[in-house]
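Student: For reference, the file entry_5.pdb (PDB, N, CA and C atoms) is included below:
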ATOM      1  N   MET Y   1     -29.244   1.291  -9.200
ATOM      2  CA  MET Y   1     -28.607   1.897  -8.040
ATOM      3  C   MET Y   1     -27.244   2.471  -8.448
ATOM      4  N   ALA Y   2     -26.951   3.668  -8.043
ATOM      5  CA  ALA Y   2     -25.694   4.334  -8.399
ATOM      6  C   ALA Y   2     -24.527   3.723  -7.628
ATOM      7  N   LYS Y   3     -23.396   3.722  -8.280
ATOM      8  CA  LYS Y   3     -22.191   3.203  -7.649
ATOM      9  C   LYS Y   3     -21.638   4.269  -6.710
ATOM     10  N   VAL Y   4     -21.452   3.916  -5.463
ATOM     11  CA  VAL Y   4     -20.930   4.856  -4.469
ATOM     12  C   VAL Y   4     -19.411   4.718  -4.444
ATOM     13  N   SER Y   5     -18.725   5.855  -4.450
ATOM     14  CA  SER Y   5     -17.268   5.781  -4.334
ATOM     15  C   SER Y   5     -16.803   6.709  -3.221
ATOM     16  N   ALA Y   6     -15.630   6.421  -2.718
ATOM     17  CA  ALA Y   6     -15.069   7.205  -1.624
ATOM     18  C   ALA Y   6     -13.565   7.341  -1.840
ATOM     19  N   ASN Y   7     -12.968   8.264  -1.110
ATOM     20  CA  ASN Y   7     -11.525   8.484  -1.184
ATOM     21  C   ASN Y   7     -10.820   7.665  -0.104
ATOM     22  N   TYR Y   8      -9.762   6.998  -0.496
ATOM     23  CA  TYR Y   8      -9.012   6.144   0.427
ATOM     24  C   TYR Y   8      -7.534   6.482   0.364
ATOM     25  N   GLU Y   9      -6.857   6.181   1.462
ATOM     26  CA  GLU Y   9      -5.395   6.243   1.513
ATOM     27  C   GLU Y   9      -4.900   4.918   2.069
ATOM     28  N   VAL Y  10      -3.831   4.428   1.492
ATOM     29  CA  VAL Y  10      -3.202   3.228   2.038
ATOM     30  C   VAL Y  10      -1.716   3.523   2.203
ATOM     31  N   VAL Y  11      -1.191   3.159   3.356
ATOM     32  CA  VAL Y  11       0.250   3.224   3.590
ATOM     33  C   VAL Y  11       0.700   1.782   3.753
ATOM     34  N   TYR Y  12       1.725   1.414   2.997
ATOM     35  CA  TYR Y  12       2.285   0.074   3.192
ATOM     36  C   TYR Y  12       3.796   0.154   3.271
ATOM     37  N   ILE Y  13       4.371  -0.814   3.974
ATOM     38  CA  ILE Y  13       5.809  -0.835   4.225
ATOM     39  C   ILE Y  13       6.392  -2.073   3.547
ATOM     40  N   ILE Y  14       7.358  -1.835   2.673
ATOM     41  CA  ILE Y  14       8.005  -2.918   1.923
ATOM     42  C   ILE Y  14       9.305  -3.302   2.634
ATOM     43  N   ASP Y  15       9.611  -4.584   2.608
ATOM     44  CA  ASP Y  15      10.841  -5.121   3.202
ATOM     45  C   ASP Y  15      12.055  -4.356   2.653
ATOM     46  N   PRO Y  16      12.906  -3.802   3.533
ATOM     47  CA  PRO Y  16      14.062  -3.035   3.068
ATOM     48  C   PRO Y  16      15.124  -3.899   2.386
ATOM     49  N   ALA Y  17      15.033  -5.215   2.525
ATOM     50  CA  ALA Y  17      15.998  -6.109   1.885
ATOM     51  C   ALA Y  17      15.713  -6.256   0.388
ATOM     52  N   PHE Y  18      14.549  -5.810  -0.058
ATOM     53  CA  PHE Y  18      14.210  -5.876  -1.488
ATOM     54  C   PHE Y  18      15.170  -4.986  -2.273
ATOM     55  N   SER Y  19      15.531  -5.435  -3.479
ATOM     56  CA  SER Y  19      16.357  -4.604  -4.363
ATOM     57  C   SER Y  19      15.504  -3.453  -4.890
ATOM     58  N   GLU Y  20      16.148  -2.480  -5.544
ATOM     59  CA  GLU Y  20      15.403  -1.353  -6.114
ATOM     60  C   GLU Y  20      14.378  -1.841  -7.125
ATOM     61  N   GLU Y  21      14.750  -2.850  -7.915
ATOM     62  CA  GLU Y  21      13.844  -3.388  -8.941
ATOM     63  C   GLU Y  21      12.628  -4.065  -8.296
ATOM     64  N   GLU Y  22      12.874  -4.853  -7.248
ATOM     65  CA  GLU Y  22      11.765  -5.532  -6.557
ATOM     66  C   GLU Y  22      10.834  -4.516  -5.902
ATOM     67  N   THR Y  23      11.407  -3.481  -5.303
ATOM     68  CA  THR Y  23      10.604  -2.436  -4.671
ATOM     69  C   THR Y  23       9.766  -1.714  -5.716
ATOM     70  N   ALA Y  24      10.384  -1.329  -6.833
ATOM     71  CA  ALA Y  24       9.672  -0.628  -7.908
ATOM     72  C   ALA Y  24       8.559  -1.505  -8.482
ATOM     73  N   ALA Y  25       8.820  -2.808  -8.626
ATOM     74  CA  ALA Y  25       7.812  -3.732  -9.153
ATOM     75  C   ALA Y  25       6.633  -3.854  -8.192
ATOM     76  N   THR Y  26       6.915  -3.880  -6.896
ATOM     77  CA  THR Y  26       5.854  -3.974  -5.880
ATOM     78  C   THR Y  26       4.990  -2.718  -5.897
ATOM     79  N   VAL Y  27       5.620  -1.545  -5.949
ATOM     80  CA  VAL Y  27       4.879  -0.279  -6.004
ATOM     81  C   VAL Y  27       4.019  -0.242  -7.269
ATOM     82  N   ALA Y  28       4.595  -0.646  -8.406
ATOM     83  CA  ALA Y  28       3.861  -0.646  -9.681
ATOM     84  C   ALA Y  28       2.686  -1.614  -9.638
ATOM     85  N   LYS Y  29       2.874  -2.770  -8.997
ATOM     86  CA  LYS Y  29       1.811  -3.774  -8.894
ATOM     87  C   LYS Y  29       0.580  -3.184  -8.194
ATOM     88  N   PHE Y  30       0.789  -2.522  -7.063
ATOM     89  CA  PHE Y  30      -0.342  -1.981  -6.308
ATOM     90  C   PHE Y  30      -0.936  -0.742  -6.984
ATOM     91  N   LYS Y  31      -0.101   0.034  -7.678
ATOM     92  CA  LYS Y  31      -0.615   1.186  -8.429
ATOM     93  C   LYS Y  31      -1.518   0.690  -9.566
ATOM     94  N   ASP Y  32      -1.063  -0.322 -10.309
ATOM     95  CA  ASP Y  32      -1.867  -0.890 -11.404
ATOM     96  C   ASP Y  32      -3.177  -1.451 -10.876
ATOM     97  N   LEU Y  33      -3.111  -2.146  -9.758
ATOM     98  CA  LEU Y  33      -4.305  -2.731  -9.154
ATOM     99  C   LEU Y  33      -5.318  -1.640  -8.796
ATOM    100  N   ALA Y  34      -4.835  -0.548  -8.193
ATOM    101  CA  ALA Y  34      -5.717   0.566  -7.826
ATOM    102  C   ALA Y  34      -6.302   1.234  -9.067
ATOM    103  N   GLU Y  35      -5.511   1.333 -10.140
ATOM    104  CA  GLU Y  35      -6.007   1.954 -11.371
ATOM    105  C   GLU Y  35      -7.076   1.089 -12.045
ATOM    106  N   GLN Y  36      -6.969  -0.224 -11.904
ATOM    107  CA  GLN Y  36      -7.962  -1.131 -12.486
ATOM    108  C   GLN Y  36      -9.300  -1.025 -11.762
ATOM    109  N   HIS Y  37      -9.261  -0.801 -10.456
ATOM    110  CA  HIS Y  37     -10.482  -0.822  -9.639
ATOM    111  C   HIS Y  37     -10.930   0.549  -9.152
ATOM    112  N   GLY Y  38     -10.159   1.578  -9.458
ATOM    113  CA  GLY Y  38     -10.509   2.902  -8.960
ATOM    114  C   GLY Y  38     -10.021   3.989  -9.890
ATOM    115  N   SER Y  39      -9.966   5.207  -9.378
ATOM    116  CA  SER Y  39      -9.499   6.335 -10.183
ATOM    117  C   SER Y  39      -8.740   7.304  -9.285
ATOM    118  N   ALA Y  40      -8.215   8.363  -9.891
ATOM    119  CA  ALA Y  40      -7.462   9.396  -9.169
ATOM    120  C   ALA Y  40      -6.373   8.781  -8.290
ATOM    121  N   VAL Y  41      -5.610   7.853  -8.875
ATOM    122  CA  VAL Y  41      -4.567   7.161  -8.114
ATOM    123  C   VAL Y  41      -3.308   8.032  -8.049
ATOM    124  N   GLU Y  42      -2.827   8.262  -6.833
ATOM    125  CA  GLU Y  42      -1.585   8.997  -6.626
ATOM    126  C   GLU Y  42      -0.681   8.180  -5.712
ATOM    127  N   VAL Y  43       0.578   8.061  -6.096
ATOM    128  CA  VAL Y  43       1.534   7.304  -5.290
ATOM    129  C   VAL Y  43       2.655   8.237  -4.843
ATOM    130  N   GLU Y  44       2.950   8.195  -3.553
ATOM    131  CA  GLU Y  44       4.022   9.001  -2.988
ATOM    132  C   GLU Y  44       4.968   8.052  -2.258
ATOM    133  N   GLU Y  45       6.186   7.924  -2.775
ATOM    134  CA  GLU Y  45       7.158   7.040  -2.127
ATOM    135  C   GLU Y  45       7.935   7.841  -1.093
ATOM    136  N   TRP Y  46       7.816   7.430   0.175
ATOM    137  CA  TRP Y  46       8.507   8.120   1.260
ATOM    138  C   TRP Y  46       9.916   7.587   1.457
ATOM    139  N   GLY Y  47      10.207   6.439   0.896
ATOM    140  CA  GLY Y  47      11.551   5.866   0.996
ATOM    141  C   GLY Y  47      11.779   5.106   2.292
ATOM    142  N   LYS Y  48      13.052   4.777   2.514
ATOM    143  CA  LYS Y  48      13.412   3.999   3.702
ATOM    144  C   LYS Y  48      13.365   4.872   4.945
ATOM    145  N   ARG Y  49      12.712   4.332   5.965
ATOM    146  CA  ARG Y  49      12.626   5.032   7.252
ATOM    147  C   ARG Y  49      12.762   4.015   8.375
ATOM    148  N   LYS Y  50      13.150   4.506   9.510
ATOM    149  CA  LYS Y  50      13.267   3.651  10.700
ATOM    150  C   LYS Y  50      11.869   3.321  11.207
ATOM    151  N   LEU Y  51      11.659   2.071  11.575
ATOM    152  CA  LEU Y  51      10.374   1.648  12.124
ATOM    153  C   LEU Y  51      10.290   2.014  13.603
ATOM    154  N   ALA Y  52       9.085   2.226  14.095
ATOM    155  CA  ALA Y  52       8.894   2.546  15.515
ATOM    156  C   ALA Y  52       9.265   1.356  16.390
ATOM    157  N   TYR Y  53       9.072   0.159  15.842
ATOM    158  CA  TYR Y  53       9.450  -1.070  16.549
ATOM    159  C   TYR Y  53       9.808  -2.114  15.499
ATOM    160  N   ALA Y  54      10.576  -3.101  15.895
ATOM    161  CA  ALA Y  54      11.023  -4.122  14.939
ATOM    162  C   ALA Y  54       9.842  -4.979  14.470
ATOM    163  N   ILE Y  55       9.812  -5.248  13.180
ATOM    164  CA  ILE Y  55       8.820  -6.149  12.586
ATOM    165  C   ILE Y  55       9.616  -7.261  11.917
ATOM    166  N   ASN Y  56       9.393  -8.488  12.350
ATOM    167  CA  ASN Y  56      10.152  -9.631  11.823
ATOM    168  C   ASN Y  56      11.663  -9.371  11.894
ATOM    169  N   TYR Y  57      12.106  -8.803  12.988
ATOM    170  CA  TYR Y  57      13.514  -8.498  13.264
ATOM    171  C   TYR Y  57      14.084  -7.419  12.350
ATOM    172  N   LYS Y  58      13.247  -6.689  11.641
ATOM    173  CA  LYS Y  58      13.712  -5.605  10.775
ATOM    174  C   LYS Y  58      13.417  -4.276  11.460
ATOM    175  N   THR Y  59      14.368  -3.339  11.386
ATOM    176  CA  THR Y  59      14.191  -2.049  12.047
ATOM    177  C   THR Y  59      13.960  -0.914  11.057
ATOM    178  N   GLU Y  60      14.001  -1.219   9.750
ATOM    179  CA  GLU Y  60      13.745  -0.234   8.708
ATOM    180  C   GLU Y  60      12.713  -0.788   7.741
ATOM    181  N   GLY Y  61      12.077   0.115   7.008
ATOM    182  CA  GLY Y  61      11.133  -0.305   5.990
ATOM    183  C   GLY Y  61      11.030   0.760   4.918
ATOM    184  N   TYR Y  62      10.561   0.374   3.722
ATOM    185  CA  TYR Y  62      10.373   1.315   2.620
ATOM    186  C   TYR Y  62       8.897   1.695   2.587
ATOM    187  N   TYR Y  63       8.610   2.942   2.941
ATOM    188  CA  TYR Y  63       7.230   3.406   3.084
ATOM    189  C   TYR Y  63       6.670   3.927   1.760
ATOM    190  N   VAL Y  64       5.405   3.577   1.488
ATOM    191  CA  VAL Y  64       4.711   4.071   0.299
ATOM    192  C   VAL Y  64       3.306   4.504   0.702
ATOM    193  N   LEU Y  65       2.906   5.702   0.260
ATOM    194  CA  LEU Y  65       1.546   6.215   0.474
ATOM    195  C   LEU Y  65       0.844   6.232  -0.875
ATOM    196  N   MET Y  66      -0.356   5.651  -0.928
ATOM    197  CA  MET Y  66      -1.126   5.659  -2.166
ATOM    198  C   MET Y  66      -2.532   6.162  -1.866
ATOM    199  N   SER Y  67      -3.009   7.139  -2.644
ATOM    200  CA  SER Y  67      -4.371   7.661  -2.509
ATOM    201  C   SER Y  67      -5.154   7.247  -3.745
ATOM    202  N   PHE Y  68      -6.430   6.943  -3.559
ATOM    203  CA  PHE Y  68      -7.269   6.574  -4.699
ATOM    204  C   PHE Y  68      -8.735   6.736  -4.346
ATOM    205  N   THR Y  69      -9.570   6.730  -5.383
ATOM    206  CA  THR Y  69     -11.020   6.774  -5.223
ATOM    207  C   THR Y  69     -11.569   5.479  -5.787
ATOM    208  N   SER Y  70     -12.425   4.802  -5.022
ATOM    209  CA  SER Y  70     -13.015   3.551  -5.512
ATOM    210  C   SER Y  70     -14.308   3.263  -4.762
ATOM    211  N   ASP Y  71     -14.997   2.207  -5.214
ATOM    212  CA  ASP Y  71     -16.184   1.787  -4.461
ATOM    213  C   ASP Y  71     -15.710   1.026  -3.223
ATOM    214  N   PRO Y  72     -16.563   0.911  -2.211
ATOM    215  CA  PRO Y  72     -16.140   0.359  -0.915
ATOM    216  C   PRO Y  72     -15.682  -1.110  -0.922
ATOM    217  N   SER Y  73     -15.963  -1.860  -1.966
ATOM    218  CA  SER Y  73     -15.560  -3.274  -1.964
ATOM    219  C   SER Y  73     -14.070  -3.448  -2.272
ATOM    220  N   PHE Y  74     -13.472  -2.520  -3.018
ATOM    221  CA  PHE Y  74     -12.075  -2.688  -3.417
ATOM    222  C   PHE Y  74     -11.083  -2.640  -2.253
ATOM    223  N   PRO Y  75     -11.199  -1.707  -1.294
ATOM    224  CA  PRO Y  75     -10.217  -1.687  -0.200
ATOM    225  C   PRO Y  75     -10.121  -3.008   0.566
ATOM    226  N   LYS Y  76     -11.242  -3.718   0.704
ATOM    227  CA  LYS Y  76     -11.197  -5.024   1.380
ATOM    228  C   LYS Y  76     -10.334  -6.002   0.592
ATOM    229  N   GLU Y  77     -10.502  -6.002  -0.731
ATOM    230  CA  GLU Y  77      -9.703  -6.884  -1.589
ATOM    231  C   GLU Y  77      -8.235  -6.446  -1.577
ATOM    232  N   LEU Y  78      -7.982  -5.151  -1.623
ATOM    233  CA  LEU Y  78      -6.613  -4.633  -1.577
ATOM    234  C   LEU Y  78      -5.935  -5.049  -0.272
ATOM    235  N   ASP Y  79      -6.656  -4.948   0.838
ATOM    236  CA  ASP Y  79      -6.115  -5.342   2.135
ATOM    237  C   ASP Y  79      -5.747  -6.829   2.133
ATOM    238  N   ARG Y  80      -6.600  -7.652   1.531
ATOM    239  CA  ARG Y  80      -6.328  -9.094   1.445
ATOM    240  C   ARG Y  80      -5.063  -9.354   0.626
ATOM    241  N   ILE Y  81      -4.932  -8.669  -0.510
ATOM    242  CA  ILE Y  81      -3.766  -8.871  -1.382
ATOM    243  C   ILE Y  81      -2.488  -8.372  -0.699
ATOM    244  N   LEU Y  82      -2.562  -7.220  -0.029
ATOM    245  CA  LEU Y  82      -1.395  -6.724   0.715
ATOM    246  C   LEU Y  82      -0.974  -7.738   1.780
ATOM    247  N   GLY Y  83      -1.950  -8.363   2.418
ATOM    248  CA  GLY Y  83      -1.671  -9.320   3.488
ATOM    249  C   GLY Y  83      -0.975 -10.586   3.030
ATOM    250  N   ILE Y  84      -1.179 -10.968   1.757
ATOM    251  CA  ILE Y  84      -0.579 -12.223   1.269
ATOM    252  C   ILE Y  84       0.607 -11.990   0.338
ATOM    253  N   THR Y  85       0.992 -10.729   0.137
ATOM    254  CA  THR Y  85       2.117 -10.421  -0.748
ATOM    255  C   THR Y  85       3.427 -10.493   0.020
ATOM    256  N   ASP Y  86       4.376 -11.266  -0.499
ATOM    257  CA  ASP Y  86       5.695 -11.358   0.124
ATOM    258  C   ASP Y  86       6.360  -9.990   0.119
ATOM    259  N   GLY Y  87       6.991  -9.645   1.225
ATOM    260  CA  GLY Y  87       7.743  -8.404   1.300
ATOM    261  C   GLY Y  87       6.962  -7.219   1.842
ATOM    262  N   ILE Y  88       5.659  -7.377   2.081
ATOM    263  CA  ILE Y  88       4.884  -6.300   2.695
ATOM    264  C   ILE Y  88       4.896  -6.542   4.207
ATOM    265  N   LEU Y  89       5.543  -5.638   4.943
ATOM    266  CA  LEU Y  89       5.658  -5.811   6.389
ATOM    267  C   LEU Y  89       4.375  -5.408   7.106
ATOM    268  N   ARG Y  90       3.792  -4.273   6.723
ATOM    269  CA  ARG Y  90       2.555  -3.764   7.320
ATOM    270  C   ARG Y  90       1.816  -2.923   6.302
ATOM    271  N   SER Y  91       0.496  -2.805   6.500
ATOM    272  CA  SER Y  91      -0.296  -1.910   5.651
ATOM    273  C   SER Y  91      -1.485  -1.399   6.451
ATOM    274  N   LEU Y  92      -1.971  -0.228   6.052
ATOM    275  CA  LEU Y  92      -3.143   0.363   6.705
ATOM    276  C   LEU Y  92      -3.930   1.135   5.652
ATOM    277  N   ILE Y  93      -5.222   0.836   5.548
ATOM    278  CA  ILE Y  93      -6.094   1.522   4.609
ATOM    279  C   ILE Y  93      -7.082   2.372   5.398
ATOM    280  N   VAL Y  94      -7.228   3.644   5.000
ATOM    281  CA  VAL Y  94      -8.098   4.575   5.703
ATOM    282  C   VAL Y  94      -9.033   5.231   4.692
ATOM    283  N   CYS Y  95     -10.315   5.330   5.062
ATOM    284  CA  CYS Y  95     -11.289   6.062   4.249
ATOM    285  C   CYS Y  95     -11.258   7.521   4.706
ATOM    286  N   LYS Y  96     -10.989   8.448   3.781
ATOM    287  CA  LYS Y  96     -10.849   9.860   4.149
ATOM    288  C   LYS Y  96     -12.193  10.598   4.170
ATOM    289  N   ASP Y  97     -13.266   9.952   3.720
ATOM    290  CA  ASP Y  97     -14.566  10.613   3.622
ATOM    291  C   ASP Y  97     -15.423  10.506   4.873
ATOM    292  N   VAL Y  98     -14.917   9.872   5.910
ATOM    293  CA  VAL Y  98     -15.739   9.649   7.108
ATOM    294  C   VAL Y  98     -15.739  10.873   7.986
TER     295      VAL Y  98
END
Starting from the file, lay out its structure as C-alpha cells.
Tutor:
Amino acid sequence: MAKVSANYEVVYIIDPAFSEEETAATVAKFKDLAEQHGSAVEVEEWGKRKLAYAINYKTEGYYVLMSFTSDPSFPKELDRILGITDGILRSLIVCKDV
C-alpha cells in the first residue's frame, strides 16, 4: 500500500517571557521534528503579536507558522507534543488538502 501524504500548516504561539535563545530552540525543535517525519518544511516566524484574548494572564505571544508535507499520523503526534511542551500557549494544525 502506498504511503499517503498531505500538506499541513501549524501555527503555534510561544510564551513571550521566553528569551531569544529559548524561543529559537523551541522553533528549531519543532522544525527538526517536522523534518524527521515529513518533507518540504517551511518555517515563518511572525514574531511577537498581541493576543485576541489573554491566555494564562498573558496578552502577547510569539507566533510561528510552519508548513510541511507528511503522512496523516504525524500531525496527531505533533499536536500531542505541542500540548505537553512548556511555553506553548496555543497551537492549531490544519490540513490544506481538504
Student: Give me the residues near region 5-7 of chain Y as a list in words, where near means some atom within 6.5 Å (using only N, CA and C atoms) and where sequence neighbours in that chain fewer than 3 positions away do not count.
Tutor: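 Answer for this query is Phe68, Thr69, Ser70, Asp71, Pro72, Val94, Cys95, Lys96 and Asp97 of chain Y.
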Student: Using only C-alpha atoms, determine which residues lie at most 8 Å from region 24-32 of chain Y, disregarding the query and same-chain residues fewer than 5 positions distant; provide the list as a PyMOL selection string.
Tutor: chain Y and resi 41+43+64+66
Student: What's around Trp46 (chain Y) at 7 Å? Count only C-alpha atoms, leave out sequence neighbours fewer than 2 positions away in its own chain, and write the answer as a compact mmCIF listing (two decimals) with N, CA and C atoms, in the coordinates of the input.
Tutor:
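Contents of part-v6.txt, freshly written:
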# COMPACT_ATOMS: atom_id res chain seq x y z
N GLU Y 44 2.95 8.20 -3.55
CA GLU Y 44 4.02 9.00 -2.99
C GLU Y 44 4.97 8.05 -2.26
N LYS Y 48 13.05 4.78 2.51
CA LYS Y 48 13.41 4.00 3.70
C LYS Y 48 13.36 4.87 4.94
N TYR Y 63 8.61 2.94 2.94
CA TYR Y 63 7.23 3.41 3.08
C TYR Y 63 6.67 3.93 1.76
N VAL Y 64 5.40 3.58 1.49
CA VAL Y 64 4.71 4.07 0.30
C VAL Y 64 3.31 4.50 0.70
Student: To one decimal place, how far is atom N of Lys76 (chain Y) from atom C of Glu9 (chain Y) in Å?
Tutor: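 So the two atoms, atom N of Lys76 (chain Y) and atom C of Glu9 (chain Y), lie 10.8 Å apart.
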Student: Report the residues of region 23-96 of chain Y whose backbone DSSP state falls under strand (DSSP E or B), written as a PyMOL selection string.
Tutor: chain Y and resi 38-55+58-70+88-95
Student: Rounded to one decimal place, report the CA of Glu22 (chain Y)-CA of Asp86 (chain Y) distance in Å.
Tutor: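 Pair CA of Glu22 (chain Y) / CA of Asp86 (chain Y) returns 10.7 Å.
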Student: Calculate how many Å separate CA of Gly83 (chain Y) from CA of Ala40 (chain Y), rounding to one decimal.
Tutor: 23.3 Å
Student: Once the PyMOL selection byres ((chain Y and resi 11-13) around 6) is applied to the coordinates I shared, what remains selected? I want it as a PyMOL selection string.
Tutor: chain Y and resi 9-10+14-15+61-66+87-93
Student: Calculated over only C-alpha atoms, which of the candidates Y:Glu21, Y:Asn56, Y:Ser39, Y:Leu33 has the smallest distance to Asp79 (chain Y)?
Tutor: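 For Asp79 (chain Y), the nearest of the given residues is Y:Leu33.
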